[in-house]
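First up is the structure itself, then whatever we jot down about it.
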Amino acid sequence: MAKFLVQKSAPLRGEVKISGSKNAVLPIMAAALLTEEKCEIKDVPALRDVEVMCRLLESLGASVEMDLAQNRVQIEASGKISWEAPFDLVKMMRASILVLGALLIRTGRAIIHLPGGCAIGKRPVELHLKGLRAMGVDIDEAQLNRGIVDAKVDKLCGSTIYLDFPSVGATEVIVMAATLADGVTILENAAQEPEIVDLANVLNKMGARIKGAGTDTIKIEGVERLKGVSHHVIPDRIEAGTFMVGAVMTGGSVLIKNIVADHLKAVIAKLRECGAEIYMTDEGLVVRGDRGPVNSTDIKTLPYPGFPTDMQSPFMALLTVAKGPSVVIETVFENRFMHVGEFNRMGANIKTNGNCAIIPGDKALQGAQVVATDLRAGAAVVLTGLVADGTTEVSQIYHVDRGYENFVEKLRALGANIMRVEE
Ligand code: UD1
């Protein structure tokens with residue numbers, strides 16, 4: 001098993017180029033199943049989840065050319081498409097559920113075993129299914145009780161759907177299904193994440209008629225067919241936020257290139273409260289953590305445009321070294337504090353009560369043997385290792401490989417003392 005060895009490092013300095021967004025590219029790849037024509041996706045991050053999605057699309061019958069060295073993927077789903085997603089792939093990645101709408105459109109059927117992914121809560125799919133049912137899809141309840149989505153439809157019909165919670169995955173699945181449904185679909189309390197907007201932009205380029213993506217009400221007018229497309233994926237706002245936290249936490253100064261600062265308003269506001277100086281230049285966003293000590297602050301995760309749950313653990317890493325106590329409240333996932341135990345092994349002394357964590361701050365952290373408990377938590381413990389005395393050994397780093405392209409190389413280029421060892 002591979003590990004990261006992280007040593008206390010000098011402040012991060014220099015520049016880093018952010019990769020394409022993992023959470024944007026996965027639904028866009030699934031959307032390529034909606035047309036028989038070729039789709040070319042550029043700025044695709046070289047990540048394990050992208051490889052899994054390529055294999056999933058291939059197993060469903062699409063022809064996939066994956067050139068991750070050039071950050072490019074071409075997908076052509078012109079042949080017969082199968083409706084059953086193989087369990088060995090689905091169990092590796094929760095985002096496999098994103099093919100659900102496209103399979104129903106192409107084949108009138110979909111069988112998907114409920115997915116795994118990060119162990120950060122139950123992560124059910126009842127909102128995806130509620131939306132599809134409203135569009136005329138029949139879901140086999142007995143199969144669902146056994147953890148299998150077995151769905152059938154003659155023809156999807158537009159409908160008005162209200163999501164009880166603005167689920168990102170449910171919004172993406174319903175929007176994809178609605179593009180080729182009969183009539184108009186109105187999705188209320190939809191997720192507003194930038195990745196939804198990127199998906200809608202791609203689908204509109206393919207000939208779909210989607211309005212309102214990025215707001216809480218999305219209107220989709222069904223069309224007869226979609227065509228091929230070429231598209232550059234948006235930059236990964238969570239990768240960018242992770243490096244921004246790294247710059248502030250180590251007291252460094254980093255130029256973040258290929259970033260959409262508008263996607264990071266909540267993170268930027270909170271980093272400023274912590275004392276960082278942040279400004280935009282022609283080349284990118286400059287993040288300076290060398291202006292003084294880190295102030296404490298409180299955060300509460302929320303659906304976009306609120307503070308992103310995916311930045312909760314990297315930000316908690318920062319708060320462990322702040323001058324004074326901070327409170328973190330997690331409202332998106334019910335079990336997303338597993339990293340607290342890892343920070344505490346390093347001396348952070350964080351207490352939790354339900355979805356609330358109290359971080360005393362001001363701690364001299366010690367290197368320790370820690371685990372990447374999920375994708376973002378893996379990055380967070382690496383950042384903590386950069387400011388802890390001695391060596392931090394991070395295991396289960398396959399989680400980090402799912403979501404950060406060239407993480408070690410990018411950190412080393414900024415002066416971090418980190419290496420990957422294969423055991
Ligand atoms: C996506 C992101 C993930 C991010 C999350 C929230 C991808 C590939 N992943 O995940 O990185 O952390 O958004 O920003 O884009 N829920 C239900 N019922 C449902 C669906 C969701 O209760 O039917 C709950 C989930 O259990 C969770 C919350 O809603 O507590 C958010 O889930 P959702 O927005 O669906 O996240 P994902 O699409 O899985």
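Identifiers in this document derive from the order of the structure tokens: chains are assigned A, B, ..., residues are numbered from 1 separately in each chain, and ligands are numbered from 1 in order of occurrence.
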
Which polymer residues have any atom within 12 Å of an atom of Val197 of chain A, counting only C-alpha atoms, with same-chain residues fewer than 6 positions away left out, as a compact mmCIF listing (two decimals) with N, CA, C and O atoms, in the first residue's frame?
```txt
# COMPACT_ATOMS: atom_id res chain seq x y z
N ASN A 23 -15.64 16.90 -10.02
CA ASN A 23 -17.10 16.82 -9.87
C ASN A 23 -17.84 17.39 -11.07
O ASN A 23 -19.04 17.15 -11.22
N ALA A 24 -17.15 18.15 -11.92
CA ALA A 24 -17.79 18.60 -13.16
C ALA A 24 -17.62 17.56 -14.25
O ALA A 24 -18.55 17.28 -15.01
N VAL A 25 -16.44 16.95 -14.33
CA VAL A 25 -16.18 16.07 -15.47
C VAL A 25 -16.99 14.77 -15.39
O VAL A 25 -17.41 14.24 -16.42
N PRO A 27 -20.19 14.01 -14.28
CA PRO A 27 -21.50 14.07 -14.94
C PRO A 27 -21.42 14.39 -16.44
O PRO A 27 -22.24 13.90 -17.22
N ILE A 28 -20.42 15.18 -16.83
CA ILE A 28 -20.30 15.49 -18.27
C ILE A 28 -19.99 14.22 -19.06
O ILE A 28 -20.52 14.00 -20.14
N VAL A 168 -26.80 17.52 -5.27
CA VAL A 168 -26.04 17.73 -6.50
C VAL A 168 -26.31 16.58 -7.48
O VAL A 168 -26.68 16.79 -8.64
N THR A 171 -29.91 16.49 -8.86
CA THR A 171 -30.11 17.56 -9.85
C THR A 171 -29.50 17.14 -11.19
O THR A 171 -30.13 17.28 -12.24
N GLU A 172 -28.29 16.58 -11.16
CA GLU A 172 -27.62 16.23 -12.41
C GLU A 172 -28.36 15.10 -13.15
O GLU A 172 -28.55 15.16 -14.37
N VAL A 175 -31.71 16.51 -14.55
CA VAL A 175 -31.49 17.42 -15.68
C VAL A 175 -31.13 16.61 -16.93
O VAL A 175 -31.67 16.84 -18.02
N ALA A 190 -33.38 23.11 -6.74
CA ALA A 190 -32.26 22.41 -7.40
C ALA A 190 -30.94 22.84 -6.78
O ALA A 190 -30.83 23.93 -6.22
N ALA A 191 -29.92 21.98 -6.89
CA ALA A 191 -28.57 22.37 -6.47
C ALA A 191 -28.07 23.46 -7.41
O ALA A 191 -28.42 23.49 -8.59
N LEU A 203 -24.66 20.44 -22.06
CA LEU A 203 -25.90 19.89 -22.63
C LEU A 203 -26.51 20.91 -23.61
O LEU A 203 -26.98 20.52 -24.68
N ASN A 204 -26.48 22.20 -23.27
CA ASN A 204 -27.02 23.20 -24.20
C ASN A 204 -26.21 23.24 -25.49
O ASN A 204 -26.77 23.39 -26.57
N ILE A 210 -31.93 24.20 -21.68
CA ILE A 210 -31.93 24.28 -20.21
C ILE A 210 -31.76 25.74 -19.82
O ILE A 210 -30.84 26.41 -20.31
N LYS A 211 -32.63 26.20 -18.94
CA LYS A 211 -32.51 27.58 -18.44
C LYS A 211 -32.49 27.55 -16.92
O LYS A 211 -33.18 26.71 -16.31
N GLY A 212 -31.75 28.47 -16.32
CA GLY A 212 -31.81 28.63 -14.86
C GLY A 212 -30.77 27.82 -14.09
O GLY A 212 -30.78 27.86 -12.86
N ALA A 213 -29.88 27.10 -14.79
CA ALA A 213 -28.84 26.36 -14.05
C ALA A 213 -27.99 27.36 -13.27
O ALA A 213 -27.63 28.42 -13.80
N GLY A 214 -27.72 27.06 -12.01
CA GLY A 214 -26.99 28.01 -11.15
C GLY A 214 -27.96 28.78 -10.26
O GLY A 214 -27.54 29.51 -9.37
N THR A 215 -29.28 28.60 -10.49
CA THR A 215 -30.29 29.15 -9.57
C THR A 215 -31.03 27.95 -8.98
O THR A 215 -30.76 26.80 -9.33
N ASP A 216 -32.02 28.24 -8.10
CA ASP A 216 -32.70 27.10 -7.46
C ASP A 216 -33.85 26.54 -8.31
O ASP A 216 -34.50 25.58 -7.92
N ILE A 218 -34.61 25.17 -12.21
CA ILE A 218 -34.07 24.87 -13.55
C ILE A 218 -35.22 24.41 -14.43
O ILE A 218 -36.02 23.55 -14.03
N VAL A 233 -13.50 21.54 -19.35
CA VAL A 233 -14.09 21.45 -18.01
C VAL A 233 -13.64 22.65 -17.16
O VAL A 233 -12.50 23.12 -17.29
N ILE A 234 -14.50 23.12 -16.28
CA ILE A 234 -14.14 24.23 -15.38
C ILE A 234 -13.04 23.79 -14.39
O ILE A 234 -12.90 22.59 -14.12
N HIS A 263 -16.30 31.14 -7.84
CA HIS A 263 -16.77 29.84 -7.33
C HIS A 263 -16.32 29.61 -5.89
O HIS A 263 -16.71 28.62 -5.28
N TYR A 304 -24.09 25.04 -2.07
CA TYR A 304 -23.61 26.24 -2.76
C TYR A 304 -24.74 27.26 -2.88
O TYR A 304 -25.87 26.87 -3.14
```

Per DSSP on the backbone, what are the helix (DSSP H, G or I) residues of segment 39-284 of chain A, as a PyMOL selection string?
-> chain A and resi 48-59+68-70+87-90+94-107+126-134+141-145+168-179+194-205+237-249+261-273

Env. residues ligand 1 / 6 Å / only C-alpha atoms and all ligand atoms / as an MDAnalysis selection string | chainID A and resid 23 95 122:128 167:170 309:310 332:334

Could you save those same residues with all heavy atoms as a CSV table (one decimal), in the first residue's frame?
```csv
chain,number,residue,atom,x,y,z
A,23,ASN,N,-15.6,16.9,-10.0
A,23,ASN,CA,-17.1,16.8,-9.9
A,23,ASN,C,-17.8,17.4,-11.1
A,23,ASN,O,-19.0,17.1,-11.2
A,23,ASN,CB,-17.5,17.5,-8.6
A,23,ASN,CG,-17.1,16.7,-7.3
A,23,ASN,OD1,-16.7,15.6,-7.5
A,23,ASN,ND2,-17.4,17.3,-6.2
A,95,ALA,N,-20.3,8.2,-7.8
A,95,ALA,CA,-20.8,9.0,-9.0
A,95,ALA,C,-21.3,8.1,-10.1
A,95,ALA,O,-21.8,8.6,-11.1
A,95,ALA,CB,-19.7,9.9,-9.4
A,122,LYS,N,-24.8,8.2,4.9
A,122,LYS,CA,-25.6,7.2,4.2
A,122,LYS,C,-25.7,7.4,2.7
A,122,LYS,O,-25.7,6.5,1.9
A,122,LYS,CB,-27.0,7.2,4.8
A,122,LYS,CG,-27.1,6.7,6.2
A,122,LYS,CD,-28.6,6.4,6.6
A,122,LYS,CE,-29.5,7.5,6.6
A,122,LYS,NZ,-29.3,8.6,7.7
A,123,ARG,N,-25.7,8.7,2.3
A,123,ARG,CA,-25.7,9.1,0.9
A,123,ARG,C,-26.7,8.3,0.1
A,123,ARG,O,-26.4,7.6,-0.9
A,123,ARG,CB,-24.3,9.0,0.3
A,123,ARG,CG,-23.3,9.7,1.2
A,123,ARG,CD,-21.9,9.8,0.5
A,123,ARG,NE,-21.9,10.9,-0.5
A,123,ARG,CZ,-20.8,11.3,-1.1
A,123,ARG,NH1,-19.7,10.7,-0.9
A,123,ARG,NH2,-20.9,12.3,-2.0
A,124,PRO,N,-28.0,8.4,0.5
A,124,PRO,CA,-29.0,7.7,-0.3
A,124,PRO,C,-29.3,8.3,-1.6
A,124,PRO,O,-28.7,9.4,-2.0
A,124,PRO,CB,-30.2,7.8,0.6
A,124,PRO,CG,-30.0,9.1,1.4
A,124,PRO,CD,-28.5,9.3,1.5
A,125,VAL,N,-30.2,7.7,-2.4
A,125,VAL,CA,-30.5,8.3,-3.7
A,125,VAL,C,-32.0,8.5,-3.9
A,125,VAL,O,-32.5,8.5,-5.0
A,125,VAL,CB,-30.0,7.4,-4.9
A,125,VAL,CG1,-28.5,7.3,-4.9
A,125,VAL,CG2,-30.6,6.0,-4.8
A,126,GLU,N,-32.8,8.6,-2.8
A,126,GLU,CA,-34.2,8.7,-2.9
A,126,GLU,C,-34.7,9.9,-3.7
A,126,GLU,O,-35.7,9.9,-4.3
A,126,GLU,CB,-34.9,8.5,-1.6
A,126,GLU,CG,-35.2,9.8,-0.8
A,126,GLU,CD,-34.0,10.1,0.1
A,126,GLU,OE1,-33.0,9.4,0.1
A,126,GLU,OE2,-34.0,11.2,0.8
A,127,LEU,N,-33.9,11.0,-3.6
A,127,LEU,CA,-34.3,12.2,-4.4
A,127,LEU,C,-34.1,12.0,-5.9
A,127,LEU,O,-34.9,12.5,-6.7
A,127,LEU,CB,-33.4,13.4,-3.9
A,127,LEU,CG,-33.7,13.8,-2.4
A,127,LEU,CD1,-32.7,14.9,-2.0
A,127,LEU,CD2,-35.1,14.3,-2.2
A,128,HIS,N,-33.1,11.3,-6.3
A,128,HIS,CA,-32.9,11.0,-7.7
A,128,HIS,C,-34.1,10.2,-8.2
A,128,HIS,O,-34.7,10.5,-9.2
A,128,HIS,CB,-31.7,10.1,-8.0
A,128,HIS,CG,-30.4,10.5,-7.4
A,128,HIS,ND1,-30.2,10.9,-6.0
A,128,HIS,CD2,-29.2,10.7,-7.9
A,128,HIS,CE1,-29.0,11.2,-5.8
A,128,HIS,NE2,-28.3,11.1,-6.9
A,167,SER,N,-29.8,18.3,-3.7
A,167,SER,CA,-28.8,17.3,-3.9
A,167,SER,C,-28.1,17.5,-5.3
A,167,SER,O,-28.8,17.7,-6.3
A,167,SER,CB,-29.4,15.9,-3.9
A,167,SER,OG,-28.7,15.0,-4.7
A,168,VAL,N,-26.8,17.5,-5.3
A,168,VAL,CA,-26.0,17.7,-6.5
A,168,VAL,C,-26.3,16.6,-7.5
A,168,VAL,O,-26.7,16.8,-8.6
A,168,VAL,CB,-24.5,17.8,-6.2
A,168,VAL,CG1,-23.7,17.9,-7.4
A,168,VAL,CG2,-24.3,19.0,-5.3
A,169,GLY,N,-26.2,15.4,-7.0
A,169,GLY,CA,-26.3,14.2,-7.9
A,169,GLY,C,-27.7,14.1,-8.4
A,169,GLY,O,-27.9,13.8,-9.6
A,170,ALA,N,-28.8,14.3,-7.6
A,170,ALA,CA,-30.1,14.2,-8.0
A,170,ALA,C,-30.4,15.3,-9.1
A,170,ALA,O,-31.0,15.0,-10.1
A,170,ALA,CB,-31.1,14.4,-6.8
A,309,THR,N,-19.0,21.7,1.8
A,309,THR,CA,-18.6,20.6,2.7
A,309,THR,C,-17.3,19.9,2.4
A,309,THR,O,-16.6,19.5,3.2
A,309,THR,CB,-19.8,19.5,2.7
A,309,THR,OG1,-19.4,18.4,3.5
A,309,THR,CG2,-20.1,19.0,1.3
A,310,ASP,N,-17.0,20.0,1.1
A,310,ASP,CA,-15.7,19.4,0.6
A,310,ASP,C,-14.5,20.2,1.1
A,310,ASP,O,-13.4,19.7,1.1
A,310,ASP,CB,-15.6,19.2,-0.9
A,310,ASP,CG,-16.5,18.1,-1.4
A,310,ASP,OD1,-17.0,17.3,-0.6
A,310,ASP,OD2,-16.7,18.0,-2.6
A,332,VAL,N,-24.2,19.3,5.7
A,332,VAL,CA,-24.6,18.6,4.4
A,332,VAL,C,-24.5,17.1,4.6
A,332,VAL,O,-25.4,16.4,4.2
A,332,VAL,CB,-23.6,19.1,3.3
A,332,VAL,CG1,-23.9,18.3,2.0
A,332,VAL,CG2,-23.8,20.6,3.1
A,333,PHE,N,-23.5,16.6,5.3
A,333,PHE,CA,-23.3,15.1,5.5
A,333,PHE,C,-23.5,14.8,7.0
A,333,PHE,O,-23.0,15.6,7.8
A,333,PHE,CB,-22.0,14.6,5.0
A,333,PHE,CG,-22.0,14.5,3.5
A,333,PHE,CD1,-21.3,15.4,2.7
A,333,PHE,CD2,-22.7,13.5,2.8
A,333,PHE,CE1,-21.3,15.4,1.3
A,333,PHE,CE2,-22.7,13.5,1.4
A,333,PHE,CZ,-22.0,14.4,0.7
A,334,GLU,N,-24.1,13.7,7.3
A,334,GLU,CA,-24.3,13.4,8.7
A,334,GLU,C,-23.1,12.8,9.5
A,334,GLU,O,-23.1,12.7,10.7
A,334,GLU,CB,-25.6,12.6,8.9
A,334,GLU,CG,-25.4,11.1,8.5
A,334,GLU,CD,-25.7,10.8,7.1
A,334,GLU,OE1,-25.6,11.7,6.2
A,334,GLU,OE2,-25.9,9.7,6.7
```

Which is closer to Gly284 of chain A than all the others in A:Pro314, A:Ala110, A:Ala261, A:Val153, using only C-alpha atoms?
-> A:Ala261

Exercise: segment 382-388 of chain A partners within 8 Å, only C-alpha atoms, chain neighbours under 4 positions left out, as a PyMOL selection string = chain A and resi 4+6-9+246+249-250+314+317-318+343+346+364-367+378+392+394+416-417

With N, CA and C atoms retained, export the selected residues as a short mmCIF file (atom, residue, chain, number, x, y, z; two decimals), in the first residue's frame.
```cif
data_model
loop_
_atom_site.label_atom_id
_atom_site.label_comp_id
_atom_site.auth_asym_id
_atom_site.auth_seq_id
_atom_site.Cartn_x
_atom_site.Cartn_y
_atom_site.Cartn_z
N PHE A 4 2.01 8.54 2.13
CA PHE A 4 2.72 9.81 2.04
C PHE A 4 3.55 9.96 3.30
N VAL A 6 5.25 13.02 5.21
CA VAL A 6 5.21 14.49 5.20
C VAL A 6 6.06 15.00 6.36
N GLN A 7 6.94 15.96 6.08
CA GLN A 7 7.78 16.57 7.13
C GLN A 7 7.38 18.02 7.30
N LYS A 8 7.66 18.54 8.49
CA LYS A 8 7.44 19.98 8.71
C LYS A 8 8.18 20.74 7.61
N SER A 9 7.49 21.69 6.99
CA SER A 9 8.04 22.33 5.79
C SER A 9 8.11 23.84 5.95
N GLY A 246 -3.52 25.67 2.25
CA GLY A 246 -2.10 25.31 2.46
C GLY A 246 -1.22 26.55 2.54
N MET A 249 -2.05 28.33 5.91
CA MET A 249 -1.68 27.53 7.08
C MET A 249 -0.17 27.53 7.34
N THR A 250 0.60 27.54 6.24
CA THR A 250 2.06 27.49 6.39
C THR A 250 2.66 28.89 6.46
N PRO A 314 -10.17 20.36 5.10
CA PRO A 314 -8.98 21.20 4.94
C PRO A 314 -9.05 22.47 5.81
N ALA A 317 -8.23 21.76 9.35
CA ALA A 317 -6.78 21.65 9.51
C ALA A 317 -6.19 23.04 9.82
N LEU A 318 -6.65 24.03 9.07
CA LEU A 318 -6.15 25.40 9.27
C LEU A 318 -6.50 25.90 10.68
N PHE A 343 -6.68 14.34 13.31
CA PHE A 343 -6.08 15.60 13.79
C PHE A 343 -5.70 15.46 15.28
N MET A 346 -2.51 14.09 16.20
CA MET A 346 -1.40 15.03 16.02
C MET A 346 -1.44 16.13 17.10
N ALA A 364 0.64 23.22 19.24
CA ALA A 364 1.88 22.79 18.60
C ALA A 364 1.65 21.34 18.20
N LEU A 365 1.50 21.10 16.92
CA LEU A 365 1.13 19.75 16.45
C LEU A 365 2.37 18.88 16.29
N GLN A 366 2.17 17.59 16.51
CA GLN A 366 3.26 16.60 16.38
C GLN A 366 2.94 15.67 15.22
N GLY A 367 3.95 15.32 14.43
CA GLY A 367 3.77 14.33 13.37
C GLY A 367 3.28 13.02 13.97
N GLY A 378 -7.99 13.30 3.44
CA GLY A 378 -6.61 12.89 3.12
C GLY A 378 -5.75 14.11 2.84
N THR A 392 4.92 12.98 9.51
CA THR A 392 3.54 12.48 9.49
C THR A 392 3.46 11.43 8.39
N VAL A 394 0.96 9.22 6.23
CA VAL A 394 -0.46 9.16 5.87
C VAL A 394 -0.73 7.88 5.08
N ALA A 416 6.97 22.04 -0.39
CA ALA A 416 6.55 21.12 0.67
C ALA A 416 7.48 19.92 0.73
N ASN A 417 7.69 19.44 1.94
CA ASN A 417 8.53 18.28 2.13
C ASN A 417 7.62 17.05 2.23
#
```

State, in Å with one decimal place, the distance from atom CA of Thr185 of chain A to atom CA of Ile161 of chain A.
->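 Distance between the two atoms: 7.5 Å.
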
Of A:Ala357, A:Ile220, A:Ile139, A:Ile112, the one sitting nearest Thr320 of chain A when using only C-alpha atoms is A:Ala357

Got a sec to tell me which of segment 27-173 of chain A DSSP assigns to strand (DSSP E or B), as a PyMOL selection string?
-> chain A and resi 38-42+63-67+72-76+84+109-113+138-139+148-152+157+160-162

Give me a file of those residues, with N, CA, C and O atoms, as a compact mmCIF listing (two decimals), in the first residue's frame.
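Saved as part02.txt:
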```txt
# COMPACT_ATOMS: atom_id res chain seq x y z
N LYS A 38 -19.81 11.84 -31.37
CA LYS A 38 -18.59 11.88 -30.53
C LYS A 38 -18.57 13.11 -29.63
O LYS A 38 -18.89 14.22 -30.07
N CYS A 39 -18.18 12.92 -28.38
CA CYS A 39 -18.01 14.04 -27.44
C CYS A 39 -16.54 14.09 -27.03
O CYS A 39 -15.96 13.06 -26.66
N GLU A 40 -15.97 15.29 -27.10
CA GLU A 40 -14.57 15.46 -26.70
C GLU A 40 -14.53 16.34 -25.46
O GLU A 40 -15.08 17.45 -25.47
N ILE A 41 -13.89 15.84 -24.41
CA ILE A 41 -13.83 16.61 -23.16
C ILE A 41 -12.36 16.93 -22.89
O ILE A 41 -11.51 16.04 -22.92
N LYS A 42 -12.10 18.21 -22.65
CA LYS A 42 -10.71 18.66 -22.44
C LYS A 42 -10.54 19.18 -21.02
O LYS A 42 -11.53 19.51 -20.36
N SER A 63 -17.60 3.74 -26.88
CA SER A 63 -16.17 3.64 -27.20
C SER A 63 -15.47 4.86 -26.57
O SER A 63 -15.89 6.01 -26.78
N VAL A 64 -14.45 4.58 -25.77
CA VAL A 64 -13.82 5.64 -24.98
C VAL A 64 -12.33 5.70 -25.31
O VAL A 64 -11.64 4.70 -25.26
N GLU A 65 -11.87 6.89 -25.68
CA GLU A 65 -10.44 7.11 -25.87
C GLU A 65 -9.97 8.00 -24.73
O GLU A 65 -10.35 9.17 -24.66
N MET A 66 -9.13 7.43 -23.86
CA MET A 66 -8.72 8.19 -22.67
C MET A 66 -7.26 8.57 -22.83
O MET A 66 -6.41 7.70 -22.91
N ASP A 67 -6.97 9.85 -22.94
CA ASP A 67 -5.58 10.30 -23.03
C ASP A 67 -5.35 11.27 -21.87
O ASP A 67 -5.34 12.49 -22.05
N ARG A 72 -7.39 14.61 -21.81
CA ARG A 72 -8.45 14.60 -22.83
C ARG A 72 -9.14 13.24 -22.83
O ARG A 72 -8.49 12.21 -22.69
N VAL A 73 -10.46 13.26 -23.00
CA VAL A 73 -11.22 12.01 -23.14
C VAL A 73 -12.20 12.19 -24.29
O VAL A 73 -12.83 13.25 -24.41
N GLN A 74 -12.29 11.17 -25.16
CA GLN A 74 -13.31 11.19 -26.22
C GLN A 74 -14.25 10.02 -26.01
O GLN A 74 -13.79 8.90 -25.77
N ILE A 75 -15.53 10.29 -26.10
CA ILE A 75 -16.53 9.25 -25.86
C ILE A 75 -17.49 9.22 -27.04
O ILE A 75 -18.01 10.28 -27.46
N GLU A 76 -17.73 8.02 -27.57
CA GLU A 76 -18.71 7.89 -28.66
C GLU A 76 -19.62 6.72 -28.32
O GLU A 76 -19.17 5.58 -28.26
N GLU A 84 -27.26 -2.39 -17.73
CA GLU A 84 -26.82 -2.80 -16.40
C GLU A 84 -25.38 -2.36 -16.13
O GLU A 84 -24.46 -2.72 -16.86
N ARG A 109 -34.38 1.32 -19.61
CA ARG A 109 -34.16 0.47 -18.44
C ARG A 109 -32.84 0.88 -17.79
O ARG A 109 -31.96 1.41 -18.47
N ALA A 110 -32.69 0.64 -16.50
CA ALA A 110 -31.39 0.85 -15.85
C ALA A 110 -31.33 -0.04 -14.62
O ALA A 110 -32.29 -0.10 -13.85
N ILE A 111 -30.22 -0.75 -14.48
CA ILE A 111 -30.00 -1.53 -13.25
C ILE A 111 -28.66 -1.08 -12.68
O ILE A 111 -27.62 -1.21 -13.33
N ILE A 112 -28.72 -0.53 -11.48
CA ILE A 112 -27.49 -0.04 -10.83
C ILE A 112 -27.52 -0.45 -9.36
O ILE A 112 -28.47 -0.14 -8.65
N HIS A 113 -26.50 -1.14 -8.93
CA HIS A 113 -26.38 -1.49 -7.51
C HIS A 113 -25.99 -0.22 -6.77
O HIS A 113 -25.11 0.51 -7.23
N ASP A 138 -40.69 3.65 -13.55
CA ASP A 138 -41.15 2.67 -12.58
C ASP A 138 -39.92 2.06 -11.89
O ASP A 138 -39.01 1.57 -12.56
N ILE A 139 -39.89 2.14 -10.57
CA ILE A 139 -38.73 1.61 -9.82
C ILE A 139 -39.20 0.36 -9.08
O ILE A 139 -40.21 0.42 -8.36
N ILE A 148 -30.65 -2.39 -4.91
CA ILE A 148 -30.46 -2.33 -6.37
C ILE A 148 -31.51 -1.39 -6.97
O ILE A 148 -32.71 -1.55 -6.72
N VAL A 149 -31.05 -0.40 -7.74
CA VAL A 149 -31.98 0.45 -8.47
C VAL A 149 -32.29 -0.28 -9.77
O VAL A 149 -31.40 -0.51 -10.60
N ASP A 150 -33.55 -0.70 -9.93
CA ASP A 150 -33.97 -1.40 -11.14
C ASP A 150 -35.13 -0.57 -11.70
O ASP A 150 -36.23 -0.59 -11.15
N ALA A 151 -34.85 0.21 -12.75
CA ALA A 151 -35.81 1.22 -13.22
C ALA A 151 -36.20 0.95 -14.67
O ALA A 151 -35.38 0.49 -15.47
N LYS A 152 -37.47 1.23 -14.99
CA LYS A 152 -37.98 1.01 -16.35
C LYS A 152 -38.86 2.18 -16.76
O LYS A 152 -39.55 2.76 -15.91
N CYS A 157 -41.40 11.62 -19.33
CA CYS A 157 -42.27 12.78 -19.55
C CYS A 157 -41.86 13.91 -18.62
O CYS A 157 -41.58 13.66 -17.44
N THR A 160 -43.05 18.64 -12.97
CA THR A 160 -42.54 19.62 -12.01
C THR A 160 -42.09 18.85 -10.77
O THR A 160 -42.86 18.08 -10.21
N ILE A 161 -40.84 19.04 -10.41
CA ILE A 161 -40.24 18.24 -9.33
C ILE A 161 -39.65 19.18 -8.29
O ILE A 161 -38.90 20.10 -8.64
N TYR A 162 -39.97 18.93 -7.02
CA TYR A 162 -39.38 19.72 -5.93
C TYR A 162 -38.43 18.79 -5.17
O TYR A 162 -38.83 17.72 -4.71
```

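Across the model, the gap from atom CA of Phe307 of chain A to atom CA of Leu264 of chain A is 8.6 Å.
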
Between atom CA of Asn295 of chain A and atom CA of Leu5 of chain A, what is the distance, to one decimal in Å?
->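 Result for atom CA of Asn295 of chain A versus atom CA of Leu5 of chain A: 28.1 Å, one decimal.
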
Using only C-alpha atoms, determine which residues lie at most 8 Å from Leu319 of chain A, disregarding the query and same-chain residues fewer than 2 positions distant; provide the list as a list in words.
-> Val294, Ser296, Thr297, Phe315, Met316, Ala317, Val321, Ala322, Pro325, Ser326, Ile359 and Gly361 of chain A

Distance criterion (only C-alpha atoms): nearest to Met206 of chain A out of A:His339, A:Leu33, A:Ala142, A:Val400 =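 Nearest to Met206 of chain A: A:Leu33.
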
Contact residues around segment 336-338 of chain A with only C-alpha atoms at 12 Å, ignoring same-chain residues under 4 positions, as a PyMOL selection string = chain A and resi 118-123+301+309-314+316-317+328-332+342-344+350-358+370-378+380-381

Tell me which of A:Lys300, A:Arg288, A:Lys205, A:Lys17 sits closest to Gly252 of chain A, counting only C-alpha atoms.
-> A:Arg288

Go through A:Lys3, A:Lys155, A:Arg94, A:Arg272 one by one, measure the shortest atom-to-atom distance of each to Gly289 of chain A using only C-alpha atoms, and give the residue with the smallest value.
->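 Nearest to Gly289 of chain A: A:Arg272.
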